[in-house]
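Below: the structure, in structure tokens.
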Amino acid sequence: MVKPKIGIFGLTGCAGEQIMILNCEDQLIDILGAIDIRYFPTAMTKNDEECELDIAFVEGAVVQPKDEELLKKIRQRSKLLIAIGTCAVWGGLPAMRNDVPREEFLEKVYGTKGKSFKSIPAQPLKNFVKVDLSISGCPIEKEQFLKAVASLLHGDLPLLPSYAVCTECKMNEYVCMLVGENKLCLGPITIAGCGARCPGYNIPCHGCRGPVDEANVASEVKILKEKGFTLRDIENRLRSFAAQAEILQEQFKKE
Amino acid sequence: MLFYQNLRRDLVKTMQILKLDKKNLNEFIFSLNDFGEVHAPVKKGDKQFVFSKLTDFSKIKLEYTRTILPPKKYFHPPTDTLFKFSQEEGYQSLTEELRKKYVIFGLHPCDIYAIKILDLIFAGEFVDDRYFIRRKNVAIIGLDCIPDDKCFCRSMRADFVEDGFDLFLSDIGNSYLVRVGTGRGDDMVRKTQDLFKEVNKKDITEYKRRSDEKKNLFKVDIELSDLPEIMDLEYESKVWEEIGKECLSCGSCSMVCPTCYCYDVFDEINLDANHGVRKRQWDSCLFKDYALVAGGHNFRAERSLRVKNRFFHKQRGFVAQYGRPSCVGCGRCIEACPAKIDIIEVINRIRGAKL
Ligand code: SF4
Ligand code: SF4
Ligand code: SF4
Ligand code: SF4
């Protein structure tokens, strides 16, 4: 079997996904046996900038014009483009406050020198190119990455959960943070895959994996308001990881 | 003729009932370790309970209300690896862990009733071996209980069980009446014979008094007769639409329900794309892709249809198929639902004169 050619790219992000891939220590030998990594500057010195790729994994949000340029070039040279991490899938933390003009941020952080940077509102990859598969998470789950690689090698897209974090939370028989403890838990509207990691540590879900498909945001907001949370608290939490998600934008417009 | 004779013989067969002093309970439970790993209700968080391996007798919560997950987790676990496969070796079923022996202490009647309902389902057209092997290796010791404001097992006729347990303990003050339900239960009692006494007249009076008293402790009551008919009549009711707006499709109600049994089956392939495992995992009819079929059609694309389906399957569809609702009134879905969707309230609304 000819090994598929792979590239692993980072736009504007924390490199968390790339580190997570490197963290698959027990499987790295198997991974390298199965795929031919041509581009992964975080991990390798020799990288092929031009060759055609079977699969490109792309981390990070588009926050600068040069991110957009690189992304479009990746799309051109790759058969499959896979967004990895919540920044790439939803815009993530950098997109938390796209309502504030970039100039304000630049000045706050870099002073007058800020003017020399070109910054645009943070956006997910799908706003610029066709994305064939999304693996969200802040950072991604190792298991989901490995599952995706294995399925793709087999010629399938991986089967990732399409239900909410609550389902995994219940399967693990964790104490409910929302119902029992009256904490601001976003589990009911957040896509599963992390095994409800946070409720497992008695911390409510902050929604780091982004919204589940058809999330009932209005009902979640109503429940939280009834528990005494202010709209500001709720909106801030909703904005943390996936402020750009259409389904959340609808909610922000309503209020 | 022979059939009737057998039936009559069965009718006169009585169940053995003994008495166990509460001060001897500890010693009795300890002796159960010979029959399997003992699990019992223990506290989780401030207010919740779970069935879990008993490591310290003082941790057992005899007065627990309901556990987060029902005992179905022992027979039909959330995720179950069915078999391994590889190109060279073909299929290899994984049955080792099915043979582990457990004794689950402290199941309430509704939970035992629910297991009897699961038995019907898994013994259907295609008998589910994995379920029944586990079932055989798990001993069940029942314990009676005091209903809280979410219990409606009496309405669902699941507040008392005549079988489905190895032993069943009923509190009569300083001691328990212990009903022996199976040969294994008999072995358990024989093993610690000295701990058990004969039941006397006073015990019987006390048992009857408590049984009567329990009836009056139920705070909720729903009328079951002709409910299927009323549900059919109210199939288009706007109630379904209304609760569809509240429901988050979070799946909690199905996960915690002792009689929700749906599962999904999928393969996990290894990196060599040559071997892997087949798994099954709990599924829920509340999920948006539950009724999605190849070609993209979704039979229950709207949330309101999915919520309606859950109630209909519990209270209507199951009646048509098995002669009774599959709901046992344990109250778990009421406790778990973040949107406060309450099966008792929904039924009462549907039954109500004005909707
Ligand atoms: S803790 Fe959060 S994720 Fe878990 S069941 Fe409750 S609401 Fe859902
Ligand atoms: S529980 Fe929520 S915040 Fe925690 S890892 Fe999972 S999705 Fe992220
Ligand atoms: S439907 Fe609700 S009350 Fe009825 S058995 Fe299931 S969890 Fe218990
Ligand atoms: S627990 Fe409540 S919100 Fe969640 S799926 Fe069930 S009915 Fe809907």
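Chains: A, B, ... in order of the structure tokens. Residues: from 1 per chain. Ligands: from 1, in order shown.
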**Request:** Would you list the residues that come within 12 Å of ligand 2? Count only C-alpha atoms and all ligand atoms and give the answer as a PyMOL selection string.
**Result:** chain A and resi 85-86+92+136-141+163-169+174+176-177+184-212+237-238+240-242
**stretch 25-193 of chain A: residues DSSP assigns to strand (DSSP E), reported as a ChimeraX atom specification** = /A:36-39,53-59,78-84,133-135
**Asked** When the cut-off is 6 Å and you count only C-alpha atoms and all ligand atoms, which residues lie near ligand 3, shown as a count of residues only?
**Response** 11
**Request:** Just the residues within 6 Å of B:Leu167, please, counting only C-alpha atoms, with nothing from its chain fewer than 4 positions along; format it as a ChimeraX atom specification.
**Result:** /B:141,179-181,185
**Prompt:** Which residue out of B:Ile269, B:Ile350, B:Ala139, B:Cys253 has the minimum interatomic distance to ligand 4 when only C-alpha atoms and all ligand atoms are used?
**Reply:**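 Of B:Ile269, B:Ile350, B:Ala139, B:Cys253, the one nearest ligand 4 is B:Cys253, counting only C-alpha atoms and all ligand atoms.
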**Asked** Distance atom CA of A:Ser162-atom CA of B:Val307, one decimal place?
**Response**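 Going from atom CA of A:Ser162 over to atom CA of B:Val307, I get 17.6 Å.
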Enumerate residues in contact with ligand 4: an atom-to-atom distance of at most 7 Å, counting only C-alpha atoms and all ligand atoms. Format the result as an mmCIF file with C-alpha atoms, in the first residue's frame.
```cif
data_model
loop_
_atom_site.group_PDB
_atom_site.id
_atom_site.type_symbol
_atom_site.label_atom_id
_atom_site.label_comp_id
_atom_site.auth_asym_id
_atom_site.auth_seq_id
_atom_site.Cartn_x
_atom_site.Cartn_y
_atom_site.Cartn_z
ATOM 1 C CA GLU B 246 -37.897 22.937 25.814
ATOM 2 C CA CYS B 247 -36.111 19.659 25.124
ATOM 3 C CA LEU B 248 -32.356 19.928 24.499
ATOM 4 C CA SER B 249 -31.968 16.438 22.977
ATOM 5 C CA CYS B 250 -29.326 15.971 25.636
ATOM 6 C CA GLY B 251 -30.139 12.268 25.931
ATOM 7 C CA SER B 252 -30.013 12.239 29.737
ATOM 8 C CA CYS B 253 -33.521 10.807 30.113
ATOM 9 C CA SER B 254 -32.715 7.772 27.965
ATOM 10 C CA LEU B 286 -34.001 11.923 21.279
ATOM 11 C CA VAL B 307 -39.909 13.748 22.500
ATOM 12 C CA CYS B 333 -35.892 10.989 33.924
ATOM 13 C CA ALA B 336 -32.182 14.197 35.305
ATOM 14 C CA CYS B 337 -33.909 16.482 32.809
ATOM 15 C CA PRO B 338 -32.309 19.943 32.747
ATOM 16 C CA ALA B 339 -35.414 21.328 31.011
ATOM 17 C CA LYS B 340 -37.687 20.003 33.780
ATOM 18 C CA ILE B 341 -39.687 17.868 31.364
#
```
**Request:** Give as a ChimeraX atom specification every residue of chain A that touches chain B within 7 Å, counting only C-alpha atoms.
**Result:** /A:30-31,34,150-151,153-154,163-164,166-167,170-171,173,175,179,188,215-216,219,223
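Taking only C-alpha atoms, the non-local environment of A:Ala88 within 6 Å (same-chain residues fewer than 2 positions away omitted) comprises Glu59, Gly60, Ala61, Ala83, Ile84, Gly85, Thr86, Trp90, Gly91, Pro124 and Leu125 of chain A.
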Can you write just those residues out, N, CA, C and O atoms, as a compact mmCIF listing (two decimals), in the first residue's frame?
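For reference, again-v9.txt as written:
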```txt
# COMPACT_ATOMS: atom_id res chain seq x y z
N GLU A 59 -4.70 23.39 11.97
CA GLU A 59 -5.05 23.93 13.28
C GLU A 59 -5.09 25.46 13.23
O GLU A 59 -4.45 26.07 12.39
N GLY A 60 -5.84 26.07 14.13
CA GLY A 60 -5.81 27.52 14.30
C GLY A 60 -6.90 28.23 13.51
O GLY A 60 -7.50 27.67 12.59
N ALA A 61 -7.14 29.49 13.91
CA ALA A 61 -8.15 30.30 13.23
C ALA A 61 -7.46 31.20 12.20
O ALA A 61 -6.24 31.34 12.21
N ALA A 83 -10.19 20.23 9.55
CA ALA A 83 -9.99 21.26 10.57
C ALA A 83 -9.82 20.56 11.91
O ALA A 83 -10.65 19.73 12.29
N ILE A 84 -8.73 20.88 12.62
CA ILE A 84 -8.54 20.27 13.93
C ILE A 84 -8.48 21.36 15.00
O ILE A 84 -7.79 22.36 14.86
N GLY A 85 -9.23 21.15 16.06
CA GLY A 85 -9.26 22.09 17.17
C GLY A 85 -10.38 23.10 17.01
O GLY A 85 -10.83 23.41 15.90
N THR A 86 -10.85 23.62 18.14
CA THR A 86 -11.99 24.52 18.14
C THR A 86 -11.71 25.82 17.39
O THR A 86 -12.61 26.39 16.77
N TRP A 90 -14.43 26.49 14.83
CA TRP A 90 -15.42 27.51 15.24
C TRP A 90 -14.84 28.93 15.39
O TRP A 90 -15.57 29.85 15.71
N GLY A 91 -13.56 29.09 15.22
CA GLY A 91 -12.96 30.39 15.50
C GLY A 91 -12.30 30.42 16.87
O GLY A 91 -11.34 31.13 17.10
N PRO A 124 -13.34 30.83 11.51
CA PRO A 124 -13.01 29.41 11.29
C PRO A 124 -12.67 29.17 9.82
O PRO A 124 -13.00 29.97 8.95
N LEU A 125 -12.02 28.03 9.57
CA LEU A 125 -11.57 27.71 8.20
C LEU A 125 -12.71 27.68 7.20
O LEU A 125 -12.55 28.10 6.06
```
